[in-house]
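J.: work.cif (mmCIF, C-alpha atoms and all ligand atoms) pasted underneath:
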data_upload
#
loop_
_atom_site.label_atom_id
_atom_site.label_comp_id
_atom_site.auth_asym_id
_atom_site.auth_seq_id
_atom_site.Cartn_x
_atom_site.Cartn_y
_atom_site.Cartn_z
CA MET A 1 0.00 0.00 0.00
CA SER A 2 1.43 3.33 -0.95
CA ASN A 3 -0.57 5.68 1.26
CA VAL A 4 0.59 4.57 4.66
CA LEU A 5 3.72 5.00 6.71
CA PHE A 6 6.06 2.07 7.08
CA SER A 7 8.02 3.49 9.98
CA THR A 8 6.94 1.36 12.94
CA ARG A 9 8.01 -2.15 13.84
CA ASP A 10 4.35 -3.12 13.64
CA ALA A 11 4.21 -1.88 10.10
CA ARG A 12 7.30 -3.81 9.08
CA GLU A 13 5.96 -6.97 10.65
CA SER A 14 2.63 -6.73 8.92
CA THR A 15 4.29 -6.06 5.56
CA GLU A 16 6.46 -9.14 6.07
CA LYS A 17 3.44 -11.22 7.04
CA LEU A 18 1.70 -10.24 3.83
CA SER A 19 4.75 -11.06 1.67
CA ALA A 20 5.14 -14.50 3.26
CA ALA A 21 1.45 -15.32 2.84
CA LEU A 22 1.26 -13.97 -0.69
CA ALA A 23 4.30 -15.95 -1.86
CA VAL A 24 2.50 -19.18 -0.97
CA VAL A 25 -0.88 -18.13 -2.39
CA ARG A 26 0.94 -17.35 -5.64
CA LYS A 27 2.34 -20.90 -5.76
CA PHE A 28 -1.21 -22.21 -5.86
CA TRP A 29 -2.84 -19.54 -8.04
CA LYS A 30 -1.32 -17.12 -10.52
CA GLY A 31 -4.56 -15.48 -11.62
CA THR A 32 -5.74 -11.91 -11.13
CA ALA A 33 -8.95 -11.42 -9.18
CA GLU A 34 -11.50 -8.72 -9.86
CA VAL A 35 -13.66 -9.41 -6.84
CA GLY A 36 -12.98 -10.73 -3.35
CA LEU A 37 -15.66 -12.56 -1.37
CA ILE A 38 -15.62 -13.25 2.35
CA LEU A 39 -18.25 -15.84 3.13
CA GLY A 40 -19.27 -15.88 6.78
CA THR A 41 -21.44 -18.13 8.92
CA GLY A 42 -23.79 -20.20 6.78
CA CYS A 43 -22.79 -18.34 3.60
CA GLY A 44 -19.91 -20.60 2.58
CA ASP A 45 -21.90 -22.56 0.01
CA VAL A 46 -21.76 -19.60 -2.37
CA ALA A 47 -18.21 -20.79 -3.06
CA ASP A 48 -19.62 -23.98 -4.60
CA ALA A 49 -20.75 -21.88 -7.57
CA ILE A 50 -17.14 -20.89 -8.32
CA ASP A 51 -15.42 -22.63 -11.17
CA ALA A 52 -12.38 -23.29 -9.01
CA GLU A 53 -8.83 -23.08 -10.34
CA ALA A 54 -7.26 -23.41 -6.88
CA VAL A 55 -8.42 -24.24 -3.38
CA ILE A 56 -5.96 -23.18 -0.69
CA PRO A 57 -6.57 -24.24 2.93
CA TYR A 58 -5.63 -21.47 5.35
CA ASP A 59 -3.26 -23.81 7.15
CA ARG A 60 -1.07 -23.97 4.04
CA VAL A 61 -0.64 -20.18 4.07
CA PRO A 62 1.95 -18.88 6.55
CA GLN A 63 0.61 -16.23 8.95
CA MET A 64 -2.97 -16.89 7.91
CA PRO A 65 -5.08 -17.55 11.01
CA ARG A 66 -6.99 -20.83 11.15
CA SER A 67 -10.75 -20.60 11.18
CA THR A 68 -12.13 -22.38 14.25
CA ALA A 69 -15.71 -21.08 14.15
CA LEU A 70 -18.64 -23.38 13.55
CA ALA A 71 -19.42 -23.94 9.83
CA HIS A 72 -16.39 -22.00 8.60
CA LYS A 73 -14.40 -24.18 6.21
CA GLY A 74 -11.20 -22.20 6.24
CA GLN A 75 -9.97 -22.05 2.66
CA PHE A 76 -9.43 -19.69 -0.25
CA VAL A 77 -11.29 -20.64 -3.41
CA CYS A 78 -9.87 -18.95 -6.51
CA GLY A 79 -11.40 -19.12 -9.98
CA THR A 80 -14.27 -17.68 -11.96
CA LEU A 81 -17.84 -16.97 -10.94
CA GLN A 82 -20.11 -16.36 -13.93
CA GLY A 83 -17.07 -15.43 -15.97
CA THR A 84 -15.60 -12.98 -13.41
CA SER A 85 -12.32 -13.78 -11.74
CA VAL A 86 -12.77 -14.05 -7.97
CA ILE A 87 -10.93 -15.01 -4.82
CA ALA A 88 -13.21 -16.18 -2.03
CA MET A 89 -12.57 -16.86 1.61
CA GLN A 90 -14.82 -19.73 2.57
CA GLY A 91 -14.95 -19.00 6.28
CA ARG A 92 -13.32 -16.15 8.16
CA CYS A 93 -11.43 -15.63 11.39
CA HIS A 94 -12.73 -13.54 14.27
CA LEU A 95 -11.28 -11.49 17.09
CA TYR A 96 -13.08 -13.79 19.55
CA GLU A 97 -10.95 -16.71 18.35
CA GLY A 98 -8.02 -14.88 19.92
CA TYR A 99 -6.64 -13.29 16.75
CA GLY A 100 -5.59 -9.67 16.39
CA PHE A 101 -6.97 -7.11 13.99
CA ASP A 102 -3.99 -7.59 11.71
CA ASP A 103 -4.56 -11.37 11.57
CA VAL A 104 -8.26 -11.24 10.77
CA THR A 105 -7.65 -8.80 7.92
CA LEU A 106 -4.69 -10.55 6.30
CA GLY A 107 -7.06 -12.24 3.84
CA VAL A 108 -8.30 -8.85 2.61
CA ARG A 109 -4.76 -7.70 1.98
CA ILE A 110 -4.06 -10.91 0.07
CA MET A 111 -7.18 -10.30 -2.05
CA HIS A 112 -6.09 -6.74 -2.75
CA ALA A 113 -2.60 -7.92 -3.65
CA VAL A 114 -3.94 -10.40 -6.23
CA GLY A 115 -5.95 -7.65 -7.88
CA ALA A 116 -9.37 -7.48 -6.22
CA ARG A 117 -11.01 -4.06 -6.52
CA ARG A 118 -14.42 -4.97 -5.15
CA LEU A 119 -15.11 -6.87 -1.93
CA VAL A 120 -18.31 -8.60 -0.89
CA LEU A 121 -18.54 -9.34 2.83
CA SER A 122 -21.23 -11.55 4.30
CA ASN A 123 -22.08 -12.38 7.87
CA ALA A 124 -24.71 -13.74 10.21
CA ALA A 125 -26.10 -11.07 12.51
CA GLY A 126 -28.70 -10.46 15.14
CA GLY A 127 -31.53 -8.22 13.95
CA MET A 128 -32.40 -5.43 16.39
CA ASN A 129 -34.69 -3.32 14.25
CA PRO A 130 -38.30 -4.33 15.01
CA ALA A 131 -38.97 -4.49 11.26
CA HIS A 132 -36.53 -7.38 10.86
CA ALA A 133 -37.46 -11.04 10.54
CA THR A 134 -35.22 -14.09 10.57
CA GLY A 135 -33.94 -14.72 7.06
CA ASP A 136 -33.98 -11.05 5.98
CA ILE A 137 -30.89 -9.51 4.48
CA VAL A 138 -29.51 -6.19 5.64
CA LEU A 139 -27.40 -4.08 3.29
CA VAL A 140 -24.91 -2.38 5.56
CA THR A 141 -24.79 1.38 5.04
CA GLY A 142 -22.55 2.22 7.99
CA HIS A 143 -21.18 0.74 11.18
CA VAL A 144 -20.50 1.41 14.83
CA ASN A 145 -17.24 -0.21 15.83
CA LEU A 146 -17.53 -1.44 19.44
CA MET A 147 -14.70 -3.92 19.02
CA TRP A 148 -12.32 -1.47 20.71
CA GLN A 149 -9.76 -2.25 18.06
CA THR A 150 -8.98 -0.74 14.75
CA ARG A 151 -6.28 -0.69 12.10
CA THR A 152 -2.82 -1.39 13.47
CA GLY A 153 0.68 -1.52 12.08
CA VAL A 154 0.93 -0.97 8.37
CA LEU A 155 -2.81 -0.55 8.30
CA ARG A 156 -2.97 2.33 10.72
CA GLY A 157 -2.32 5.09 8.22
CA THR A 158 -3.36 8.56 9.32
CA PRO A 159 -6.65 9.64 10.85
CA ALA A 160 -8.11 11.44 7.87
CA GLY A 161 -8.95 10.95 4.24
CA PRO A 162 -11.37 8.93 2.15
CA GLY A 163 -12.46 5.51 3.27
CA ARG A 164 -11.54 6.08 6.89
CA SER A 165 -14.84 7.10 8.34
CA GLY A 166 -17.49 4.42 8.85
CA GLU A 167 -20.00 5.98 6.48
CA SER A 168 -17.75 6.12 3.46
CA VAL A 169 -16.65 2.51 3.73
CA TYR A 170 -19.72 0.97 2.06
CA ASP A 171 -20.28 1.68 -1.62
CA PRO A 172 -23.68 3.34 -2.27
CA GLU A 173 -23.90 2.08 -5.86
CA LEU A 174 -23.32 -1.52 -4.85
CA ILE A 175 -25.96 -1.10 -2.13
CA ASP A 176 -28.46 0.22 -4.71
CA LEU A 177 -27.63 -2.67 -7.01
CA ALA A 178 -28.25 -5.18 -4.20
CA ALA A 179 -31.53 -3.48 -3.28
CA SER A 180 -32.69 -3.72 -6.90
CA VAL A 181 -31.90 -7.45 -6.97
CA ALA A 182 -34.02 -7.97 -3.83
CA ARG A 183 -36.93 -6.02 -5.38
CA ARG A 184 -36.70 -7.97 -8.63
CA GLU A 185 -36.44 -11.33 -6.90
CA ASN A 186 -39.08 -10.45 -4.33
CA PHE A 187 -37.23 -10.86 -1.07
CA THR A 188 -36.62 -8.43 1.78
CA ALA A 189 -33.38 -6.47 1.97
CA HIS A 190 -33.30 -3.63 4.48
CA ARG A 191 -30.61 -0.99 4.70
CA GLY A 192 -29.06 -0.63 8.12
CA VAL A 193 -26.22 0.07 10.46
CA TYR A 194 -24.06 -2.82 11.71
CA VAL A 195 -22.92 -2.71 15.32
CA ALA A 196 -19.68 -4.68 15.65
CA VAL A 197 -18.75 -6.38 18.91
CA SER A 198 -15.83 -8.67 19.66
CA GLY A 199 -17.92 -11.53 21.10
CA PRO A 200 -17.85 -14.44 21.62
CA ASN A 201 -20.87 -13.99 23.85
CA TYR A 202 -24.18 -13.04 22.35
CA GLU A 203 -25.75 -9.99 23.92
CA THR A 204 -27.50 -9.57 27.23
CA ARG A 205 -30.96 -8.01 27.17
CA ALA A 206 -29.46 -4.79 28.47
CA GLU A 207 -26.91 -4.79 25.67
CA TYR A 208 -29.55 -5.40 22.99
CA ARG A 209 -31.53 -2.46 24.40
CA PHE A 210 -28.45 -0.28 24.25
CA PHE A 211 -27.27 -1.46 20.83
CA ARG A 212 -30.61 -1.02 19.16
CA ARG A 213 -30.26 2.69 19.79
CA LEU A 214 -27.02 2.54 17.83
CA GLY A 215 -27.85 0.38 14.86
CA ASP A 216 -30.01 -2.22 13.16
CA VAL A 217 -27.97 -5.43 13.36
CA VAL A 218 -25.24 -6.70 15.66
CA GLY A 219 -22.46 -9.11 14.81
CA MET A 220 -18.89 -10.14 15.55
CA SER A 221 -17.09 -9.64 12.27
CA THR A 222 -16.96 -7.64 9.04
CA VAL A 223 -15.87 -4.23 10.35
CA PRO A 224 -12.12 -5.04 10.49
CA GLU A 225 -12.21 -6.37 6.93
CA ALA A 226 -14.31 -3.47 5.67
CA LEU A 227 -11.97 -0.88 7.21
CA VAL A 228 -8.88 -2.46 5.72
CA ALA A 229 -10.53 -2.93 2.33
CA ALA A 230 -11.57 0.72 2.24
CA GLU A 231 -8.07 1.72 3.24
CA CYS A 232 -6.79 -0.30 0.27
CA GLY A 233 -9.25 1.50 -2.02
CA LEU A 234 -11.64 -1.40 -2.61
CA ARG A 235 -15.33 -0.85 -3.23
CA VAL A 236 -17.03 -2.70 -0.37
CA ILE A 237 -20.48 -4.14 0.15
CA ALA A 238 -21.44 -5.91 3.37
CA LEU A 239 -24.48 -8.16 3.63
CA SER A 240 -25.88 -9.33 6.95
CA LEU A 241 -28.16 -12.33 7.17
CA VAL A 242 -30.54 -11.86 10.07
CA THR A 243 -30.33 -15.19 11.88
CA ASN A 244 -32.15 -14.19 15.07
CA VAL A 245 -34.20 -11.21 16.07
CA ALA A 246 -33.33 -9.64 19.37
CA ARG A 247 -36.42 -8.92 21.48
CA PRO A 248 -35.08 -7.73 24.81
CA ASP A 249 -38.53 -7.93 26.40
CA ALA A 250 -39.32 -11.42 25.15
CA PRO A 251 -35.84 -12.87 24.92
CA GLU A 252 -35.00 -16.16 23.27
CA ARG A 253 -31.78 -18.00 23.81
CA VAL A 254 -29.43 -17.57 20.84
CA ASP A 255 -27.23 -20.49 20.06
CA ALA A 256 -24.49 -20.82 17.47
CA GLU A 257 -26.03 -23.87 15.80
CA ASP A 258 -29.41 -22.15 15.30
CA VAL A 259 -27.55 -19.20 13.79
CA VAL A 260 -25.87 -21.48 11.25
CA VAL A 261 -29.18 -23.16 10.31
CA ALA A 262 -30.96 -19.81 9.87
CA ALA A 263 -28.09 -18.40 7.79
CA ARG A 264 -28.11 -21.44 5.51
CA ARG A 265 -31.82 -20.96 4.86
CA ALA A 266 -31.24 -17.37 3.77
CA GLU A 267 -28.22 -18.24 1.64
CA PRO A 268 -30.08 -18.55 -1.75
CA ASN A 269 -31.10 -14.87 -1.56
CA LEU A 270 -27.64 -13.83 -0.51
CA ARG A 271 -26.27 -15.74 -3.48
CA LYS A 272 -28.45 -13.74 -5.90
CA ILE A 273 -27.00 -10.49 -4.59
CA VAL A 274 -23.45 -11.82 -4.64
CA LEU A 275 -23.79 -12.95 -8.25
CA SER A 276 -25.07 -9.59 -9.39
CA VAL A 277 -22.33 -7.64 -7.56
CA VAL A 278 -19.70 -9.97 -9.02
CA SER A 279 -21.07 -9.48 -12.55
CA SER A 280 -21.48 -5.69 -12.25
CA GLU A 281 -19.15 -3.44 -14.35
N1 LIG B 301 -25.30 -11.06 18.27
C1 LIG B 301 -24.03 -11.06 17.83
N2 LIG B 301 -23.63 -11.78 16.78
C2 LIG B 301 -24.55 -12.52 16.14
C3 LIG B 301 -25.89 -12.56 16.55
C4 LIG B 301 -26.28 -11.79 17.69
O1 LIG B 301 -27.46 -11.78 18.12
N3 LIG B 301 -26.54 -13.40 15.70
C5 LIG B 301 -25.62 -13.82 14.79
N4 LIG B 301 -24.41 -13.30 15.05
#
Rewrite the structure of this file - the entire thing - as structure tokens.
Ligand code: HPA

T.:
Amino acid sequence: MSNVLFSTRDARESTEKLSAALAVVRKFWKGTAEVGLILGTGCGDVADAIDAEAVIPYDRVPQMPRSTALAHKGQFVCGTLQGTSVIAMQGRCHLYEGYGFDDVTLGVRIMHAVGARRLVLSNAAGGMNPAHATGDIVLVTGHVNLMWQTRTGVLRGTPAGPGRSGESVYDPELIDLAASVARRENFTAHRGVYVAVSGPNYETRAEYRFFRRLGDVVGMSTVPEALVAAECGLRVIALSLVTNVARPDAPERVDAEDVVVAARRAEPNLRKIVLSVVSSE
């Protein structure tokens, strides 16, 4: 990246991490990607539609964190999706798995380095807006970062400029495109603000009450990747699958397996949006 300072030890380390990881990815795949996809909880099957040229398990890539979360496969899938060259992460890594901000965003920097200029992020999230129902999709228009972490090392950059404030991270044209797909295909896609927490616990009733004043959905991922992607100049769209609806006054227990099942049910609609974003331009 040309627009950041390389003066700190942190910065040097994260540049070295990227070079080591990239060298191995390049042994498996020499292509150039147009679009990067990060497929979160229950969304991984979208990768099955890729005409794969290379599948690279994260544990073959030095410095790449292993994905331990439920239903996250943990591999890059590189190839073409409806004729567009893509690199997908089938499963992601989270801060709650014990990784740092730099680790969970290494995949984005790899995608950028192999050419990606658009990034589609997907995640499972808790719906907090009373208009939400399980299975709905939320097109993220902005975020509130309550992870208490942000870009570090080479990613820190300076505190000004395009792509560094939450609102300018998510691409309005890609959001409009996604909304038009939902209208055409007759499913619900809301626009909303994503509240990012580190997890791994789901929220208490008091937290849901607080967070619903801040945003529409809550989840444990996406914001680190979106911030780094914007810093790299990628056009970003983030799609949340509402897997449970938070009703602080009539609470239901949220459990990771139910979240996976609900996300899988919503995956066909997510796939329609992903395909149209991939084929845009
Ligand atoms: N909270 C946080 N993360 C989540 C939730 C939730 O309710 N549902 C799915 N991911």

J.: Could you list, as a PyMOL selection string, all residues that come within 7 Å of ligand LIG 301 (chain B)? Count all atoms listed in the file.

T.: chain A and resi 124-127+199+202-203+218-220+243-244+246+254+259

J.: Distance atom CA of Ser180 of chain A-atom CA of Thr80 of chain A, one decimal place?

T.: 23.7 Å

J.: List every residue of segment 171-232 of chain A that has an atom at most 9 Å from any atom of segment 94-110 of chain A, and for each one report the closest atom pair and its distance in Å to one decimal, counting all atoms listed in the file, with rows sorted by chain and then by increasing residue number, as a Markdown table.

T.:
| residue | atom | partner | partner_atom | distance |
| --- | --- | --- | --- | --- |
| A:Ser198 | CA | A:Tyr96 | CA | 5.8 |
| A:Gly199 | CA | A:Tyr96 | CA | 5.6 |
| A:Pro200 | CA | A:Tyr96 | CA | 5.2 |
| A:Asn201 | CA | A:Tyr96 | CA | 8.9 |
| A:Met220 | CA | A:His94 | CA | 7.2 |
| A:Ser221 | CA | A:His94 | CA | 6.2 |
| A:Thr222 | CA | A:His94 | CA | 8.9 |
| A:Pro224 | CA | A:Thr105 | CA | 6.4 |
| A:Glu225 | CA | A:Thr105 | CA | 5.3 |
| A:Ala226 | CA | A:Val108 | CA | 8.6 |
| A:Val228 | CA | A:Thr105 | CA | 6.8 |
| A:Ala229 | CA | A:Val108 | CA | 6.3 |
| A:Cys232 | CA | A:Arg109 | CA | 7.9 |

J.: Those same residues - C-alpha atoms - I'd like them written as a compact mmCIF listing (two decimals), in the coordinates of the input.

T.:
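Output contents, as saved in result38.txt:
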# COMPACT_ATOMS: atom_id res chain seq x y z
CA SER A 198 -15.83 -8.67 19.66
CA GLY A 199 -17.92 -11.53 21.10
CA PRO A 200 -17.85 -14.44 21.62
CA ASN A 201 -20.87 -13.99 23.85
CA MET A 220 -18.89 -10.14 15.55
CA SER A 221 -17.09 -9.64 12.27
CA THR A 222 -16.96 -7.64 9.04
CA PRO A 224 -12.12 -5.04 10.49
CA GLU A 225 -12.21 -6.37 6.93
CA ALA A 226 -14.31 -3.47 5.67
CA VAL A 228 -8.88 -2.46 5.72
CA ALA A 229 -10.53 -2.93 2.33
CA CYS A 232 -6.79 -0.30 0.27

J.: Might you pull out every residue within 8 Å of segment 233-242 of chain A, with all atoms listed in the file counted and same-chain residues fewer than 6 positions away left off, and present them as a PyMOL selection string?

T.: chain A and resi 112+116-127+132-140+163+169-171+174-175+217+222+226+262-263+266+270

J.: Could you check how far atom CA of Met128 of chain A sits from atom CA of Val245 of chain A, in Å to one decimal?

T.: 6.1 Å

J.: Find the residue from A:Ala20, A:Val260, A:Phe28, A:Pro62 that sits nearest to Val77 of chain A; use all atoms listed in the file when measuring.

T.: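 Checking each candidate against Val77 of chain A, we get A:Phe28 as the closest.
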